[in-house]
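Shown next, in structure tokens, is the structure this report addresses.
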Amino acid sequence: MKFSSPLFLLGLLGMALPLIIHFWKMRRAKTLRFGAIRFLLQSEQVTRRRRKFWEYLLLLCRMLLVAALSLALARPYRMVSVPAFSLGAGQKSIIIILDDSLSMQRGRPQTLFEEGKKAALSILDQLSDLDRAGLILPCQELEMEPAQDHNPLRKKLIDSQPSFLRANISLWLGRAEQTLNRFGAKTKKILVITDLQKSSFPDTITLNPFDGEIYFYDLGRSELEGNLSLGPVALSRESLAGEQSVKITAGVFNFSGESVEARLALDLGGQLTSRGALGLQKFAAGEKFFVLNLQPEMSAEGKIELLNQDALELDNQSYFHLRGGGRVKVLLVDGNFAAEPSARESYYLERALNPRLYALSRIDPEVISENSLSHAELKNFQVVVLVDCALLDQTQVERIRNFVDSGGGLFITLGEKANPEKYNRLLGDLLPREIRETKVPFAGAEAISELQPLHIDSSFIGSQDRHPILKPFMSADQADPGHAGFSKYFLLYQELVPKGRVILKLTDGSPLLLEKNFGKGNVLLFASSIGPAWNDLCIHPAFLPLVHQSMLYLARSLFDAGGESAAVGDQVELVLPAGKSSALVLTSRGTEMIRQPEKQAGQNMLRISRLMEPGIYFFWYLPGPEPRTRENADFILAVNPEPRESDFRKISLPELKKLIPASALLVQGEKAETPGPGTETPTSFVKKPYHANFLLLMLALAGLELLILARSGWE
Amino acid sequence: MTFWQGKQETLELISRVRRLELKSREAAEGALIGLHRSRHRGSSIEFSEHRAYSPGDEIRLIDWKIFAKTDRCFIKQFEDETRIQAYILLDASGSMAYPENRDKTSKFEYGAVIAAALAYLLLGQGDAVGLALIDRGRLNWMPARAGERHFPELVEMMARTEPSGESKLGPLILELKNRISRKSLLLLVSDFFDQENEIETSLKLLRLAGNELVLFQVLTPEEIQFPFDRISWFEGLENEGRVLIDPGQLRKKYLSLLKNWQDRLKRLCLEQAADFEQFLTSQNPGKMLSAYLVHRSQTQRRRARP
């Protein structure tokens, strides 16, 4: 430690001042003869040790206060070595690229990013007023062009925070070179402060030759750091008996040079649910899965956490969201209830909804006649299915309307008994579209070869933005609904402004399954019969998942086995449903923002250009049901860091030289693994003042003294 | 000692005796104001009760009227209302010299006024009064005698005494107990700043011997309030040593210890059916005595009632 004004150190002699005052006060004390001395002596004896302690502490405090004052006035400083870049004396333009990727958040007690900030500030200190300096923070896409006023740069550097993203240093080096070339400066220098992570320099980018100098200040550790990280979580029900369980799989990566046993914990809804371990070879990845029984009405945020201590802790969590799982009660109102059970229209539907002995189902169907609908307690059900009903009256429809308005689901299937005119009149705005007449596709056929039924258009299979009801249909090999043949169905009126959304179409383009929001609930309209009368869908494997998904969707109990997930830095694009004008987004940090859609190919597209932080994001389409809760969110997205960012392996100097064709490429820094190519750069030192620390100490001591005095006052 | 010094001292003594006599008479007369009933009853013989005759009893005491009615001999018994024998124990130890400032009344001076006033009252009633002074750790003794001529002797003895030396209150009370031949009224005037346990034991023994006890604790306002605020050396008046003290830091503890001792003393008096009065040197002794005497007469009347 050195001092700018060492003369003030004489003030240290003042430390004796409190001692002198103390002894002077003792000497100056008068003698008082007192009658009740025995009680005074007793009091003094009882409190002597405690009083002495506080007295000496106060004395020490005062002595240190004087010492701190004189040290602060002497303005102490320390010479700190700074990256010795040969910046040269002449006028120059430089751009500092400070790596702000996730990997820079490692390091204790100070993160690499903080070290980098200090290095950048010290480089700015070495510049003259004539030098131009610019700044680039790659992940935040912040670019400040070179300017002679360095203060905005300093402020930005001090305020900057690292991100959770990956950095593409090569890309930004190219940008910096372009900027410097545009400015036409004679001496051009780029300073890259980074951990030289290999993944920050993708092979795909080749830079043009640069006539300036590029300096790399290497902050990466010289020893090989071990780090574990988690990949995104996958939710599935594959190879599980029944749909009461879910399989949660997480990818685990070992980016270290030795075998590791990764210890994992599954946390669901803020509670530790399960633990597990996974052995991993060096630089290898593995998968660990947990099987979880779904609880009724489950809607929970979850995360898998790595319990191992490693270099970077921010990549040790992977988030996911589970939704659905409760029991669903469905009321089937059969228009043909009087017939034998096996001859009823609802027979196949009821069997499919709960196959009982053959498979577990969380749907409880109950079949009643149309007449019984008037007495049924609708509040006990989540979904009402009108199966080819004919005798609906105004009162019954009003009850159904109220039921849907308050959040219930309505599934309407048609058939021989359905009268389009009556349905349009009575159900009215409950219907996604008005019903026209029936159509038999091969009506008027003259040869057997012309008796060709229509099929469901299964082109949606594999499409990413298919309706949630259709999510199970992942490939044509599994339960292709297109195999079912339709011999008769109702045509629906075309509307200029569509009230509902078409979920399924027939091969001739006629809508088959449509959806409409009504109040807080949803309505699905199936334009054909649900039984075998007009089609053979009910005997195809696709029937069961289709009706299951439909009922669960209407009951808002659909469990989306795939989950919605993304990586930090991804762009999110969502199609806003018809009738919705904007969306409210709740980010993982708890901030709310309203997003307006953009028109794209006739659709309202909601776009978030870059997801900045990991966690769970909730989306509500507006206008929507109130109050908004996490349970009634329209879209939930789990966002996790990119696992490759956790690989701290460094790029070698030859590789770097190959990628960056600059006239001079120098790698140096306090922790440089590879020394600069033959350049012995002198280390430069800067003054780092410390007087503020002593002023703070003074404040603390003054506070302590006040506390001690107040304490003796209380006593 | 030169002649003049001796003469000067004698003159001072005379002046002190006069002053004490005057003050104590004033206090005693002040104390009598407000008493509803004269304490002076004179000597008489009052009938108390009968008991069966037994050989050896005086024949003149047989109640012949009862003998005539019942044919059995009964003896008349009388309450003996002889003089009360009272001893005043005045503490003249070093601590009683506080405050030593001449402008202020010391605890000893105040105590002497109280003692003399009590003696005056008792002698006025025809009772015998003795005086015991705790002087330099010894008991300075004057036996109990009746008669108003005894008063100046008592006053002179008190006036001659300068408070100094250790208190040794406990052992000296015991010594007093041994010197008293019969049950007496003991009036203890002191600050009671001494070994608490010894004082307790001595008082209990005095009470066990059948004596009636009245404790007058004389204190100064400084001792009660401890109004000091500057760091000072505090020195005892009985060679307890001295100690450097910041009064602000110790006030609370000191006051609590003093209060504890006073509470203990009051509790002891309550247990031993003794009276306890606390006088401050700033208070008018006449008024204080009067208040005490009124209180005493009332409590005695209550006690006398069945």
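Just so we're on the same page: first chain in the structure tokens is A, next is B, and so on; residues restart at 1 for each chain, and ligands are numbered from 1 in the order they show up.
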
- [ ] Could you please select, counting only C-alpha atoms, the residues of chain B within 9 Å of chain A and state them as a PyMOL selection string?
- [x] chain B and resi 94-100+191+193-194+219-220+222-223+230-238+240-245+248-255+257-258

Would you output that residue set with N, CA and C atoms, as a compact mmCIF listing (two decimals), in the first residue's frame?
```txt
# COMPACT_ATOMS: atom_id res chain seq x y z
N GLY B 94 -18.94 6.72 61.20
CA GLY B 94 -18.45 7.65 60.17
C GLY B 94 -19.49 7.99 59.13
N SER B 95 -20.25 7.00 58.70
CA SER B 95 -21.21 7.24 57.60
C SER B 95 -22.30 8.22 58.01
N MET B 96 -22.52 8.37 59.33
CA MET B 96 -23.55 9.29 59.80
C MET B 96 -23.08 10.75 59.70
N ALA B 97 -21.78 10.93 59.47
CA ALA B 97 -21.25 12.30 59.35
C ALA B 97 -21.60 12.91 57.99
N TYR B 98 -22.14 12.11 57.09
CA TYR B 98 -22.47 12.58 55.73
C TYR B 98 -23.75 13.40 55.74
N PRO B 99 -23.88 14.51 55.03
CA PRO B 99 -22.81 15.16 54.28
C PRO B 99 -21.93 16.01 55.18
N GLU B 100 -20.65 16.05 54.83
CA GLU B 100 -19.70 16.73 55.71
C GLU B 100 -19.72 18.24 55.52
N ASP B 191 -28.34 5.03 59.95
CA ASP B 191 -28.61 4.88 58.52
C ASP B 191 -28.65 3.40 58.14
N PHE B 193 -26.32 1.40 57.50
CA PHE B 193 -25.39 1.01 56.45
C PHE B 193 -24.30 0.14 57.08
N ASP B 194 -24.57 -1.13 57.18
CA ASP B 194 -23.60 -2.05 57.77
C ASP B 194 -23.91 -3.44 57.25
N LEU B 219 -31.52 9.19 56.26
CA LEU B 219 -30.75 9.24 55.01
C LEU B 219 -30.74 10.66 54.48
N THR B 220 -29.82 10.89 53.53
CA THR B 220 -29.80 12.21 52.90
C THR B 220 -30.41 12.10 51.51
N GLU B 222 -29.16 13.00 48.81
CA GLU B 222 -28.12 12.59 47.86
C GLU B 222 -28.01 11.07 47.79
N GLU B 223 -28.20 10.45 48.95
CA GLU B 223 -28.10 8.99 48.97
C GLU B 223 -29.30 8.34 48.29
N ARG B 230 -20.56 13.59 37.26
CA ARG B 230 -19.18 13.65 36.77
C ARG B 230 -18.38 12.48 37.32
N ILE B 231 -17.44 12.02 36.49
CA ILE B 231 -16.58 10.93 36.95
C ILE B 231 -15.79 11.42 38.16
N SER B 232 -15.87 10.69 39.25
CA SER B 232 -15.22 11.13 40.50
C SER B 232 -14.74 9.92 41.29
N TRP B 233 -13.80 10.22 42.17
CA TRP B 233 -13.39 9.20 43.16
C TRP B 233 -14.41 9.27 44.30
N PHE B 234 -15.03 8.19 44.59
CA PHE B 234 -15.97 8.14 45.72
C PHE B 234 -15.26 7.47 46.88
N GLU B 235 -15.27 8.15 48.06
CA GLU B 235 -14.54 7.64 49.21
C GLU B 235 -15.51 7.41 50.36
N GLY B 236 -15.33 6.31 51.03
CA GLY B 236 -16.21 6.00 52.16
C GLY B 236 -15.82 6.78 53.39
N LEU B 237 -16.73 6.90 54.34
CA LEU B 237 -16.43 7.63 55.58
C LEU B 237 -16.03 6.69 56.70
N GLU B 238 -16.02 5.40 56.40
CA GLU B 238 -15.65 4.43 57.45
C GLU B 238 -14.48 3.58 56.97
N GLU B 240 -13.72 2.48 54.00
CA GLU B 240 -14.02 1.39 53.07
C GLU B 240 -13.14 1.47 51.83
N GLY B 241 -12.39 2.54 51.66
CA GLY B 241 -11.56 2.72 50.48
C GLY B 241 -12.24 3.67 49.51
N ARG B 242 -11.61 3.81 48.32
CA ARG B 242 -12.21 4.73 47.36
C ARG B 242 -12.21 4.08 45.98
N VAL B 243 -13.09 4.58 45.15
CA VAL B 243 -13.24 3.96 43.85
C VAL B 243 -13.61 5.04 42.82
N LEU B 244 -13.02 4.88 41.59
CA LEU B 244 -13.31 5.85 40.52
C LEU B 244 -14.57 5.40 39.79
N ILE B 245 -15.51 6.27 39.73
CA ILE B 245 -16.83 5.86 39.22
C ILE B 245 -17.40 6.91 38.28
N GLY B 248 -23.10 8.04 35.95
CA GLY B 248 -24.13 7.73 34.96
C GLY B 248 -24.25 6.24 34.72
N GLN B 249 -23.11 5.55 34.74
CA GLN B 249 -23.11 4.13 34.45
C GLN B 249 -23.62 3.28 35.62
N LEU B 250 -23.44 3.80 36.83
CA LEU B 250 -23.74 2.96 38.00
C LEU B 250 -25.04 3.33 38.70
N ARG B 251 -25.62 4.47 38.32
CA ARG B 251 -26.77 4.99 39.07
C ARG B 251 -27.86 3.94 39.25
N LYS B 252 -28.20 3.30 38.12
CA LYS B 252 -29.33 2.37 38.15
C LYS B 252 -29.08 1.21 39.11
N LYS B 253 -27.85 0.67 39.02
CA LYS B 253 -27.52 -0.48 39.85
C LYS B 253 -27.50 -0.07 41.32
N TYR B 254 -26.89 1.10 41.60
CA TYR B 254 -26.79 1.59 42.97
C TYR B 254 -28.17 1.75 43.59
N LEU B 255 -29.04 2.43 42.83
CA LEU B 255 -30.39 2.69 43.36
C LEU B 255 -31.13 1.38 43.60
N LEU B 257 -29.75 -1.54 44.38
CA LEU B 257 -29.20 -2.20 45.58
C LEU B 257 -29.71 -1.52 46.86
N LEU B 258 -29.75 -0.18 46.83
CA LEU B 258 -30.23 0.56 48.00
C LEU B 258 -31.69 0.22 48.30
```

Open item on the list: Quick one: residues within 9 Å of segment 102-113 of chain B, only C-alpha atoms, excluding same-chain residues fewer than 3 positions away - as a PyMOL selection string?
Closed with: chain B and resi 20-21+23-25+27+90-93+95-99+116-118+155+158-159+162-163+189-191+216-220+279-282+285

TODO: Measure the distance from atom CA of Tyr319 of chain A to atom CA of Asn227 of chain A in Å and round it to one decimal.
DONE: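 About the pair atom CA of Tyr319 of chain A and atom CA of Asn227 of chain A: they are 18.9 Å apart.
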
Task: Residues within 10 Å of Asn254 of chain A, only C-alpha atoms, excluding chain neighbours under 3 positions, as JSON, numbers by chain - done: {"A": [226, 227, 228, 229, 230, 257, 258, 259, 260, 261, 262, 279, 280, 281, 282, 283, 284, 285, 286, 646, 647]}

I need the residues from that last selection saved to file as a compact mmCIF listing (two decimals), in the first residue's frame (with all heavy atoms), if you can.
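Wrote result27.txt, looks like this:
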```txt
# COMPACT_ATOMS: atom_id res chain seq x y z
N GLY A 226 -14.16 -28.48 -14.44
CA GLY A 226 -15.25 -29.45 -14.58
C GLY A 226 -16.58 -28.75 -14.49
O GLY A 226 -16.74 -27.81 -13.71
N ASN A 227 -17.50 -29.16 -15.32
CA ASN A 227 -18.82 -28.54 -15.24
C ASN A 227 -19.87 -29.53 -15.71
O ASN A 227 -19.67 -30.25 -16.67
CB ASN A 227 -18.88 -27.28 -16.10
CG ASN A 227 -20.17 -26.52 -15.88
OD1 ASN A 227 -20.70 -26.53 -14.77
ND2 ASN A 227 -20.68 -25.89 -16.91
N LEU A 228 -20.98 -29.54 -14.97
CA LEU A 228 -22.11 -30.37 -15.36
C LEU A 228 -23.24 -29.45 -15.77
O LEU A 228 -23.36 -28.34 -15.26
CB LEU A 228 -22.59 -31.21 -14.16
CG LEU A 228 -21.67 -32.34 -13.70
CD1 LEU A 228 -22.17 -32.89 -12.38
CD2 LEU A 228 -21.64 -33.44 -14.73
N SER A 229 -24.07 -29.92 -16.69
CA SER A 229 -25.22 -29.10 -17.01
C SER A 229 -26.39 -29.98 -17.42
O SER A 229 -26.22 -31.17 -17.70
CB SER A 229 -24.90 -28.10 -18.12
OG SER A 229 -25.00 -28.72 -19.36
N LEU A 230 -27.56 -29.38 -17.42
CA LEU A 230 -28.79 -30.11 -17.75
C LEU A 230 -29.32 -29.62 -19.09
O LEU A 230 -29.26 -28.42 -19.39
CB LEU A 230 -29.85 -29.84 -16.68
CG LEU A 230 -29.67 -30.57 -15.36
CD1 LEU A 230 -30.69 -30.07 -14.37
CD2 LEU A 230 -29.82 -32.07 -15.54
N GLY A 257 -13.17 -33.50 -17.56
CA GLY A 257 -12.26 -34.54 -18.00
C GLY A 257 -12.24 -35.76 -17.11
O GLY A 257 -11.32 -36.57 -17.19
N GLU A 258 -13.19 -35.92 -16.25
CA GLU A 258 -13.23 -37.12 -15.40
C GLU A 258 -14.67 -37.60 -15.23
O GLU A 258 -15.62 -36.81 -15.42
CB GLU A 258 -12.60 -36.84 -14.05
CG GLU A 258 -13.11 -35.60 -13.38
CD GLU A 258 -12.21 -35.15 -12.23
OE1 GLU A 258 -10.97 -35.18 -12.40
OE2 GLU A 258 -12.76 -34.77 -11.20
N SER A 259 -14.79 -38.89 -14.86
CA SER A 259 -16.14 -39.46 -14.67
C SER A 259 -16.77 -38.83 -13.43
O SER A 259 -16.10 -38.55 -12.44
CB SER A 259 -16.06 -40.96 -14.47
OG SER A 259 -15.40 -41.53 -15.56
N VAL A 260 -18.06 -38.66 -13.52
CA VAL A 260 -18.77 -37.97 -12.44
C VAL A 260 -20.08 -38.70 -12.16
O VAL A 260 -20.69 -39.25 -13.07
CB VAL A 260 -19.10 -36.51 -12.86
CG1 VAL A 260 -19.93 -35.81 -11.80
CG2 VAL A 260 -17.85 -35.71 -13.13
N GLU A 261 -20.46 -38.73 -10.90
CA GLU A 261 -21.81 -39.20 -10.59
C GLU A 261 -22.68 -37.97 -10.36
O GLU A 261 -22.47 -37.23 -9.38
CB GLU A 261 -21.83 -40.09 -9.36
CG GLU A 261 -23.19 -40.72 -9.20
CD GLU A 261 -23.34 -41.53 -7.92
OE1 GLU A 261 -23.23 -40.92 -6.83
OE2 GLU A 261 -23.60 -42.72 -8.02
N ALA A 262 -23.59 -37.76 -11.30
CA ALA A 262 -24.46 -36.58 -11.18
C ALA A 262 -25.61 -36.92 -10.24
O ALA A 262 -26.27 -37.95 -10.39
CB ALA A 262 -25.00 -36.20 -12.55
N GLY A 279 -24.42 -41.93 -13.44
CA GLY A 279 -22.97 -41.96 -13.67
C GLY A 279 -22.67 -41.51 -15.09
O GLY A 279 -23.33 -41.94 -16.04
N LEU A 280 -21.70 -40.62 -15.22
CA LEU A 280 -21.37 -40.09 -16.55
C LEU A 280 -19.87 -40.17 -16.79
O LEU A 280 -19.07 -39.80 -15.92
CB LEU A 280 -21.82 -38.62 -16.66
CG LEU A 280 -23.31 -38.36 -16.75
CD1 LEU A 280 -23.58 -36.89 -16.54
CD2 LEU A 280 -23.84 -38.79 -18.11
N GLN A 281 -19.49 -40.67 -17.97
CA GLN A 281 -18.07 -40.68 -18.35
C GLN A 281 -17.63 -39.25 -18.67
O GLN A 281 -18.46 -38.35 -18.81
CB GLN A 281 -17.90 -41.57 -19.59
CG GLN A 281 -18.21 -43.04 -19.36
CD GLN A 281 -17.31 -43.67 -18.30
OE1 GLN A 281 -16.10 -43.50 -18.32
NE2 GLN A 281 -17.91 -44.39 -17.35
N LYS A 282 -16.32 -39.08 -18.86
CA LYS A 282 -15.83 -37.72 -19.16
C LYS A 282 -16.34 -37.28 -20.54
O LYS A 282 -16.44 -38.08 -21.46
CB LYS A 282 -14.31 -37.67 -19.09
CG LYS A 282 -13.59 -38.59 -20.03
CD LYS A 282 -12.10 -38.42 -19.85
CE LYS A 282 -11.36 -39.32 -20.83
NZ LYS A 282 -9.93 -39.19 -20.74
N PHE A 283 -16.68 -36.04 -20.61
CA PHE A 283 -17.24 -35.43 -21.83
C PHE A 283 -18.31 -36.31 -22.46
O PHE A 283 -18.25 -36.65 -23.65
CB PHE A 283 -16.13 -35.11 -22.85
CG PHE A 283 -15.18 -34.08 -22.34
CD1 PHE A 283 -13.88 -34.38 -22.01
CD2 PHE A 283 -15.61 -32.76 -22.16
CE1 PHE A 283 -13.02 -33.42 -21.52
CE2 PHE A 283 -14.75 -31.79 -21.68
CZ PHE A 283 -13.46 -32.13 -21.34
N ALA A 284 -19.25 -36.71 -21.66
CA ALA A 284 -20.34 -37.56 -22.17
C ALA A 284 -21.67 -37.01 -21.68
O ALA A 284 -21.73 -36.21 -20.74
CB ALA A 284 -20.15 -38.99 -21.67
N ALA A 285 -22.72 -37.45 -22.37
CA ALA A 285 -24.06 -37.03 -21.98
C ALA A 285 -24.88 -38.27 -21.64
O ALA A 285 -24.59 -39.37 -22.12
CB ALA A 285 -24.73 -36.26 -23.12
N GLY A 286 -25.87 -38.11 -20.80
CA GLY A 286 -26.75 -39.23 -20.45
C GLY A 286 -28.14 -38.69 -20.18
O GLY A 286 -28.37 -37.48 -20.20
N SER A 646 -22.31 -24.57 -21.51
CA SER A 646 -21.66 -25.04 -20.29
C SER A 646 -20.35 -25.76 -20.57
O SER A 646 -19.67 -26.18 -19.65
CB SER A 646 -22.61 -26.00 -19.56
OG SER A 646 -23.83 -25.35 -19.33
N ASP A 647 -20.02 -25.92 -21.83
CA ASP A 647 -18.75 -26.56 -22.19
C ASP A 647 -17.67 -25.49 -22.23
O ASP A 647 -17.67 -24.62 -23.10
CB ASP A 647 -18.93 -27.22 -23.57
CG ASP A 647 -17.70 -28.02 -23.95
OD1 ASP A 647 -16.71 -28.01 -23.18
OD2 ASP A 647 -17.73 -28.66 -25.02
```

- [ ] Name the closest residue to Lys287 of chain B among the candidates B:Glu200, B:Tyr87, B:Ile59, B:Ile114; distances are taken between atoms, counting only C-alpha atoms.
- [x] B:Ile114

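When only C-alpha atoms are used to measure the gap to Phe201 of chain A, the shortest distance among A:Glu655, A:Gly302, A:Leu704, A:Glu115 belongs to A:Glu655.
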
TODO: Pull the helix (DSSP H, G or I) assignments for segment 24-106 of chain A out of DSSP run on the backbone, and list those residues as a ChimeraX atom specification.
DONE: /A:24-28,37-73,102-105

Task: Spatial neighbours of Phe526 of chain A, 9 Å, only C-alpha atoms, chain gap at least 4 places, as a list of chain:residue names - done: A:Phe411, A:Ile412, A:Thr413, A:Leu414, A:Pro511, A:Leu512, A:Leu513, A:Leu514, A:Ile530

Same residues, C-alpha atoms, saved as a PDB file, in the first residue's frame:
```pdb
ATOM      1  CA  PHE A 411     -69.541 -31.448 -27.562  1.00  0.00           C
ATOM      2  CA  ILE A 412     -72.247 -31.664 -30.209  1.00  0.00           C
ATOM      3  CA  THR A 413     -72.459 -34.647 -32.520  1.00  0.00           C
ATOM      4  CA  LEU A 414     -75.078 -34.889 -35.236  1.00  0.00           C
ATOM      5  CA  PRO A 511     -65.152 -29.003 -41.936  1.00  0.00           C
ATOM      6  CA  LEU A 512     -65.656 -32.005 -39.664  1.00  0.00           C
ATOM      7  CA  LEU A 513     -64.633 -30.895 -36.195  1.00  0.00           C
ATOM      8  CA  LEU A 514     -64.936 -27.233 -35.212  1.00  0.00           C
ATOM      9  CA  ILE A 530     -70.288 -40.246 -33.422  1.00  0.00           C
TER      10      ILE A 530
END
```

- [ ] List the neighbours of Leu314 of chain A out to 9 Å using only C-alpha atoms; skip same-chain residues closer than 3 positions along the sequence, and give me the result as a ChimeraX atom specification.
- [x] /A:102,105-106,164,229,317,641

Selected residues written out with all heavy atoms, as a compact mmCIF listing (two decimals), in the first residue's frame:
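The result, written out as part27.txt:
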```txt
# COMPACT_ATOMS: atom_id res chain seq x y z
N LEU A 102 -23.34 -16.72 -20.81
CA LEU A 102 -23.61 -17.41 -19.54
C LEU A 102 -22.33 -17.93 -18.90
O LEU A 102 -22.16 -17.84 -17.68
CB LEU A 102 -24.60 -18.57 -19.80
CG LEU A 102 -24.91 -19.48 -18.62
CD1 LEU A 102 -25.62 -18.71 -17.52
CD2 LEU A 102 -25.77 -20.65 -19.05
N GLN A 105 -20.41 -16.13 -16.28
CA GLN A 105 -20.97 -15.93 -14.92
C GLN A 105 -20.33 -16.89 -13.93
O GLN A 105 -20.78 -17.01 -12.79
CB GLN A 105 -22.48 -16.13 -14.94
CG GLN A 105 -23.20 -15.09 -15.73
CD GLN A 105 -24.63 -14.90 -15.28
OE1 GLN A 105 -24.90 -14.80 -14.10
NE2 GLN A 105 -25.54 -14.86 -16.22
N ARG A 106 -19.32 -17.65 -14.34
CA ARG A 106 -18.66 -18.54 -13.39
C ARG A 106 -17.52 -17.80 -12.68
O ARG A 106 -17.16 -16.70 -13.10
CB ARG A 106 -18.15 -19.79 -14.09
CG ARG A 106 -16.97 -19.58 -15.04
CD ARG A 106 -16.72 -20.88 -15.78
NE ARG A 106 -15.45 -20.95 -16.43
CZ ARG A 106 -15.22 -20.62 -17.69
NH1 ARG A 106 -16.20 -20.10 -18.41
NH2 ARG A 106 -14.03 -20.77 -18.24
N PHE A 164 -27.84 -14.92 -20.04
CA PHE A 164 -27.93 -16.37 -19.99
C PHE A 164 -27.74 -16.97 -21.40
O PHE A 164 -28.01 -18.14 -21.61
CB PHE A 164 -29.30 -16.79 -19.45
CG PHE A 164 -29.45 -16.57 -17.98
CD1 PHE A 164 -29.78 -15.33 -17.48
CD2 PHE A 164 -29.23 -17.61 -17.08
CE1 PHE A 164 -29.91 -15.11 -16.14
CE2 PHE A 164 -29.35 -17.40 -15.73
CZ PHE A 164 -29.69 -16.14 -15.25
N SER A 229 -24.07 -29.92 -16.69
CA SER A 229 -25.22 -29.10 -17.01
C SER A 229 -26.39 -29.98 -17.42
O SER A 229 -26.22 -31.17 -17.70
CB SER A 229 -24.90 -28.10 -18.12
OG SER A 229 -25.00 -28.72 -19.36
N GLN A 317 -30.16 -26.05 -13.41
CA GLN A 317 -31.60 -26.25 -13.30
C GLN A 317 -32.19 -26.36 -14.69
O GLN A 317 -31.74 -25.69 -15.61
CB GLN A 317 -32.30 -25.08 -12.60
CG GLN A 317 -32.01 -24.96 -11.12
CD GLN A 317 -30.87 -24.02 -10.86
OE1 GLN A 317 -30.59 -23.14 -11.66
NE2 GLN A 317 -30.18 -24.25 -9.77
N PRO A 641 -31.45 -22.97 -20.38
CA PRO A 641 -30.22 -22.52 -21.05
C PRO A 641 -29.74 -23.56 -22.07
O PRO A 641 -30.06 -24.74 -21.97
CB PRO A 641 -29.21 -22.38 -19.92
CG PRO A 641 -29.96 -22.52 -18.67
CD PRO A 641 -31.22 -23.23 -18.96
```

TODO: One decimal, Å: what's the distance from atom CA of Asp203 of chain A over to atom CA of Ser652 of chain A, could you say?
DONE: 13.2 Å

TODO: Excluding segment 501-510 of chain A and any residue of its chain fewer than 2 positions from it, enumerate the residues within 7 Å of it, using only C-alpha atoms, and give them as a list in words.
DONE: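 Final neighbour list, sorted by chain and number: Leu454, His455, Ile456, Asp457, His467, Leu491, Leu512, Leu513, Leu514, Glu515 and Lys516 of chain A.
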
Open item on the list: Using Å and a single decimal, report how far atom CA of His295 of chain B sits from atom CA of Glu148 of chain B.
Closed with: 25.8 Å
